[in-house]
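Beneath this line is the structure, given in structure tokens, with notes to follow.
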Amino acid sequence: MPGFSWLLALWPSLPLLLVGLVGRQLGLRLELQVVQSLTCSRWGSPGDQGLFQDGDVVIGGLFNFRSRPSTTEKDFTKLPYYLPCTGLENLPLQYIYTMVFALEEINLSTTLLPGVKLGYHIRDSCGIHPWATQAALSLVGGDSSSCTSASVPTNSSALKKGKMGQRSGDKPVPLIIGGSSSVAAKVLVKILEPLSVPLVSYTASCPCLSDRTKYPNFFRTMPSDIFQARAIAQLAIRFNWTWIGAVVANNDYGHMAVKVFQEEVRGKEVCLAFIETLQRERIVSDSRRAALTIQASTAKVILVFSWYTDVRNLFTQLAKINVTDRQFLASEAWSTSNNLLQNPVTSKVARGVLGVAIRSSSVPGFDNFLRSLNPLKRPNDKFLREFWEKEFGCTPNTTSYSPSDKERLLPKVSLPPCSGTESLQSVQNHFTDTSQLRVTYNVYLAVYAAAHALHSLLSCSENNSSSCFIQKNIKPIDVLQQMSKVNFTTTQGELLYFSRGDIPAKYDLLNWQQTPEGPLKLTLIGRVDGFELSLNESAIQWSTGTNQVPVSECSERCPPGTRKAARKGEPLCCFDCIPCNDGEFSNKTGSLSCERCLSKFWSNAERTACIPRQLDFLSFNETLGITLTSAAVSGAVVTSAVFVVFLYYRHTPMVRANNSELSFLLLVSLKLCFLCSLVFIGRPSVWSCRFQQAAFGISFVLCVSCLQVKTMVVLAAFRSARPGAEALMKWFGPGKQRGSVCVFTSIQVIICIIWLSLSPPVPKADLKVPGVTVTLKCSMASVVGFSLVLGYIGLLACTCLLLAFLARKLPDNFNEAKLITFSMLIFCAVWVAFVPAYVSSPGKYAVAVEIFAILASSYGLLLCIFAPKCFIILLRPEKNSKKHMMSR
């Protein structure tokens, strides 16, 4: 069954796994003799041991520095056991010698593991998981014919005497540096977990590996992918990219990136316009579909989380449809790919790429170490020998080198012998390039982390003396415990420690910039340290070829004075801009809502700020104020003229009829009514607010009281003409008429005094009325007081109207009751219409309505009562006689 081929590959090593599992579950310490008594056979040839250097403690290394076997057979169990990987890759080979360099550097140190020599055993996993498993088990179990415990004596003299019976390369390792991918790391960790052997990976970045319950023996010097997705999200937020497209690998790597990105930008007004996936098995069709989506989308910034080979196909498809104006955000999987940088198609499509990369650092002395490598100095190094043959096309003259059995079985092209003058000093390739040490530096840190764990394990617990060591067996579980406690500062000044198996996340921010020669180059423009992002924005060259940050928005940002309004059925980043309402403002670009101005302020015409409201009132200088003032003054003048006419003709029957004193008092009250309206015009003050209502109420009560007494006298005179009613007129003599007027008026005076004493009107701005101008008017602090004043006037007016209506058909030729009836009808009609008009009128126009009601009712009384009398007095003097007035 192909799905279980990896399990079949582990079958020869199952006894060793069972021993580890039983020992872990029962907590037993198995003696070395018991373990040695279990015999098993191992897959592969003991002679194929990779690169080995003996030492007091040997550290295992597992790298993919060769290509997969040249076969179409998918079932690993059917592959010939002698079929090796082919093709030596330069960059992974650099990782191997990084580990060698670091170990040699540690062995020369006088502070780190002094007196202890570290060795190494490096194997090739070939990128195939069953082969990696077989190599890992060989490392932790040793290459002897019998299964041994994964422990090694630190006594070098014992090794020289051969107490363990082990040959060179047979020594078990307590720790492995390897796991070149997240999938490989998960497989290896599960295999090594029963043996408690720690695995330190230099490239596995899956966030799932941070789960200590599932992977308790896993450590890595590569940050989790969560942090690079967060870093890219911070870039989107920083540059206000709210509409971003995403093209991701159709696996856990891509789906995790999208999920973390969306969680990081939640609430930051950043939306994904689309999410396209790339499947390795159908990369051409998926790339074409993703390219068409990018072309059709309005998103100008595209996030790509995938492998560089997938990105290469995507860029090829974009170049075919001439999409060259997109700004790409790159994950670390392809942000430093030389294959893309050197591709002419990439230069056309991907200029200005902004990417996250594994942080780089210099390793002092490493460049000289690499260039000084020579197979003549390392005759047993078959990797260096093979690299030498590939690079220089000749066979090094190393007489001590003996090929393995597998190498003898394979056909080989004979090469001429090397001259011995070959050197790596002038060689330029991935192996010798130390300008950007990224994964290489991760390997370097992994070796130092292992060394510090061993240093803590081998140091005396009684004191901190680094020269005191205990001669004992190194057990993987002891190393595992110390790895969790590692905390040291590297020679580059970085603090390194493990939290849930992870180191502090650090990345480089790179920019793909166009060179004058044409190709793209990598430029460091910032760094990421955990959640902190430092960036030199002025050094960025964008996709436009300028320093202008690209804009990627679904909708243009709303200008000040407007707010966002979400479109139904569309993402939050797609919206319309709605102007702020009156009295509201927004002074920022892209405001979600408009803010309401304070009560004493109002929004300006652009709705971008609040300005102080301007006080407004009915002024003598404006047209309305001038008109009302003129009408009031004219009424007072006419009333005065009538008063003069009546005074001049005071002895005539027309004036003397129905008590001339009441007529003069009525004219005085009408004049007061006209003049009191002037108090309502002008800027309100405390005293003007109090005086205007009192003057208005008392003047009109005086006026209506005179009319009511006049009507009562007419009725009394008519009734007294009947037999037996002569005594009725004695109750309506001149004195009693004046007394009645005084009583009616006094009641209103008392109401006004109480009202103005308890809760008088005060000048107050009417802030409830919308607008930049606010009316300053007399605010009725007590509506009850104002209602009583108006109600009392209405009561007298209705009573007067009723009495006048009853006396309208008396048989005199000149019946004043008719005039009073008509005048009171006008009076009541004006004040009934006044109430709704006053309530509905805004600002100063309410004051104008009240003035108009005062003037209209005053003119109605003046004209209806005194105009006919003045007409007779001045124009028809013949009718101004007692005979004519008494005729029927």
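By convention in this document, the chains of the structure tokens carry letters A, B, ... by their order, each chain's residues are numbered from 1, and ligands are numbered from 1 in the order they are shown.
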
Selection: 7 Å around Ala249 of chain A, only C-alpha atoms, excl. self and same-chain fewer than 6 positions, as a ChimeraX atom specification: /A:277-279,305-306

Which residues of segment 299-386 of chain A have any atom within 8 Å of an atom in segment 421-428 of chain A when counting only C-alpha atoms, and what is the closest pair of atoms for each, with the distance in Å to one decimal? Order the rows by chain and rising number and write it as a Markdown table.
| residue | atom | partner | partner_atom | distance |
| --- | --- | --- | --- | --- |
| A:Leu370 | CA | A:Leu424 | CA | 7.7 |
| A:Arg371 | CA | A:Leu424 | CA | 4.8 |
| A:Ser372 | CA | A:Leu424 | CA | 6.9 |
| A:Leu373 | CA | A:Leu424 | CA | 7.4 |
| A:Asn374 | CA | A:Ser423 | CA | 7.3 |

Nearest-residue call for Asn322 of chain A, choices A:Val835, A:Cys574, A:Val551, A:Ile294, using only C-alpha atoms: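 Using only C-alpha atoms, the shortest distance to Asn322 of chain A belongs to A:Ile294.
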
DSSP alpha helix (DSSP H) selection over segment 158-332 of chain A, as a ChimeraX atom specification: /A:158-161,182-192,225-238,252-265,283-296,308-320

Which residue of A:Leu91, A:Ala135, A:Leu618, A:Cys554 approaches Gln436 of chain A most closely, using only C-alpha atoms: A:Leu91

Mind checking which residues fall within 12 Å of Gln693 of chain A, counting only C-alpha atoms, ignoring those fewer than 5 positions away in the same chain, and posting them as a PyMOL selection string? chain A and resi 673+676-680+686-688+698-700+748-749+751-753+755-756+760-762+778-780+785-790+847+850-851+854

I'd like the neighbourhood of Ala631 of chain A as a list in words, where a residue qualifies if any of its atoms comes within 9 Å (using only C-alpha atoms), though same-chain residues fewer than 4 positions away should be ignored. Ile626, Thr627, Gly635, Ala636, Phe674 and Leu855 of chain A

Quick one: write out the picked residues with N, CA and C atoms as a PDB file, in the first residue's frame?
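Result written to result_29.pdb:
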ATOM      1  N   ILE A 626     -37.848  97.376  10.939  1.00  0.00           N
ATOM      2  CA  ILE A 626     -38.240  98.730  10.526  1.00  0.00           C
ATOM      3  C   ILE A 626     -39.734  98.774  10.191  1.00  0.00           C
ATOM      4  N   THR A 627     -40.214  97.723   9.512  1.00  0.00           N
ATOM      5  CA  THR A 627     -41.633  97.692   9.128  1.00  0.00           C
ATOM      6  C   THR A 627     -42.540  97.660  10.352  1.00  0.00           C
ATOM      7  N   GLY A 635     -49.504 103.653  14.418  1.00  0.00           N
ATOM      8  CA  GLY A 635     -50.694 103.403  15.231  1.00  0.00           C
ATOM      9  C   GLY A 635     -50.758 104.333  16.420  1.00  0.00           C
ATOM     10  N   ALA A 636     -49.604 104.539  17.061  1.00  0.00           N
ATOM     11  CA  ALA A 636     -49.591 105.446  18.213  1.00  0.00           C
ATOM     12  C   ALA A 636     -49.919 106.872  17.781  1.00  0.00           C
ATOM     13  N   PHE A 674     -49.956  99.987  21.157  1.00  0.00           N
ATOM     14  CA  PHE A 674     -49.055 100.216  20.028  1.00  0.00           C
ATOM     15  C   PHE A 674     -47.604 100.367  20.491  1.00  0.00           C
ATOM     16  N   LEU A 855     -50.263  94.533  17.015  1.00  0.00           N
ATOM     17  CA  LEU A 855     -50.595  95.649  16.123  1.00  0.00           C
ATOM     18  C   LEU A 855     -51.920  95.409  15.418  1.00  0.00           C
TER      19      LEU A 855
END

Pairwise distance, atom CA of Val58 of chain A with atom CA of Leu139 of chain A, equals 9.6 Å

Check segment 278-320 of chain A with DSSP on the backbone and list each residue it calls strand (DSSP E or B), as a list in words.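 So, restricting segment 278-320 of chain A to strand (DSSP E or B), we get Leu278, Val301, Ile302, Leu303, Val304 and Phe305 of chain A.
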
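Minimum atom-to-atom distances from A:Glu532, A:Glu104, A:Asp766, A:Asp381 to Gln234 of chain A were compared using only C-alpha atoms, and the lowest value belongs to A:Glu532.
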
I need the residue nearest Gly61 of chain A from this list: A:Arg266, A:His129, A:Arg123, A:Lys300. Use only C-alpha atoms for the distance. A:Arg123
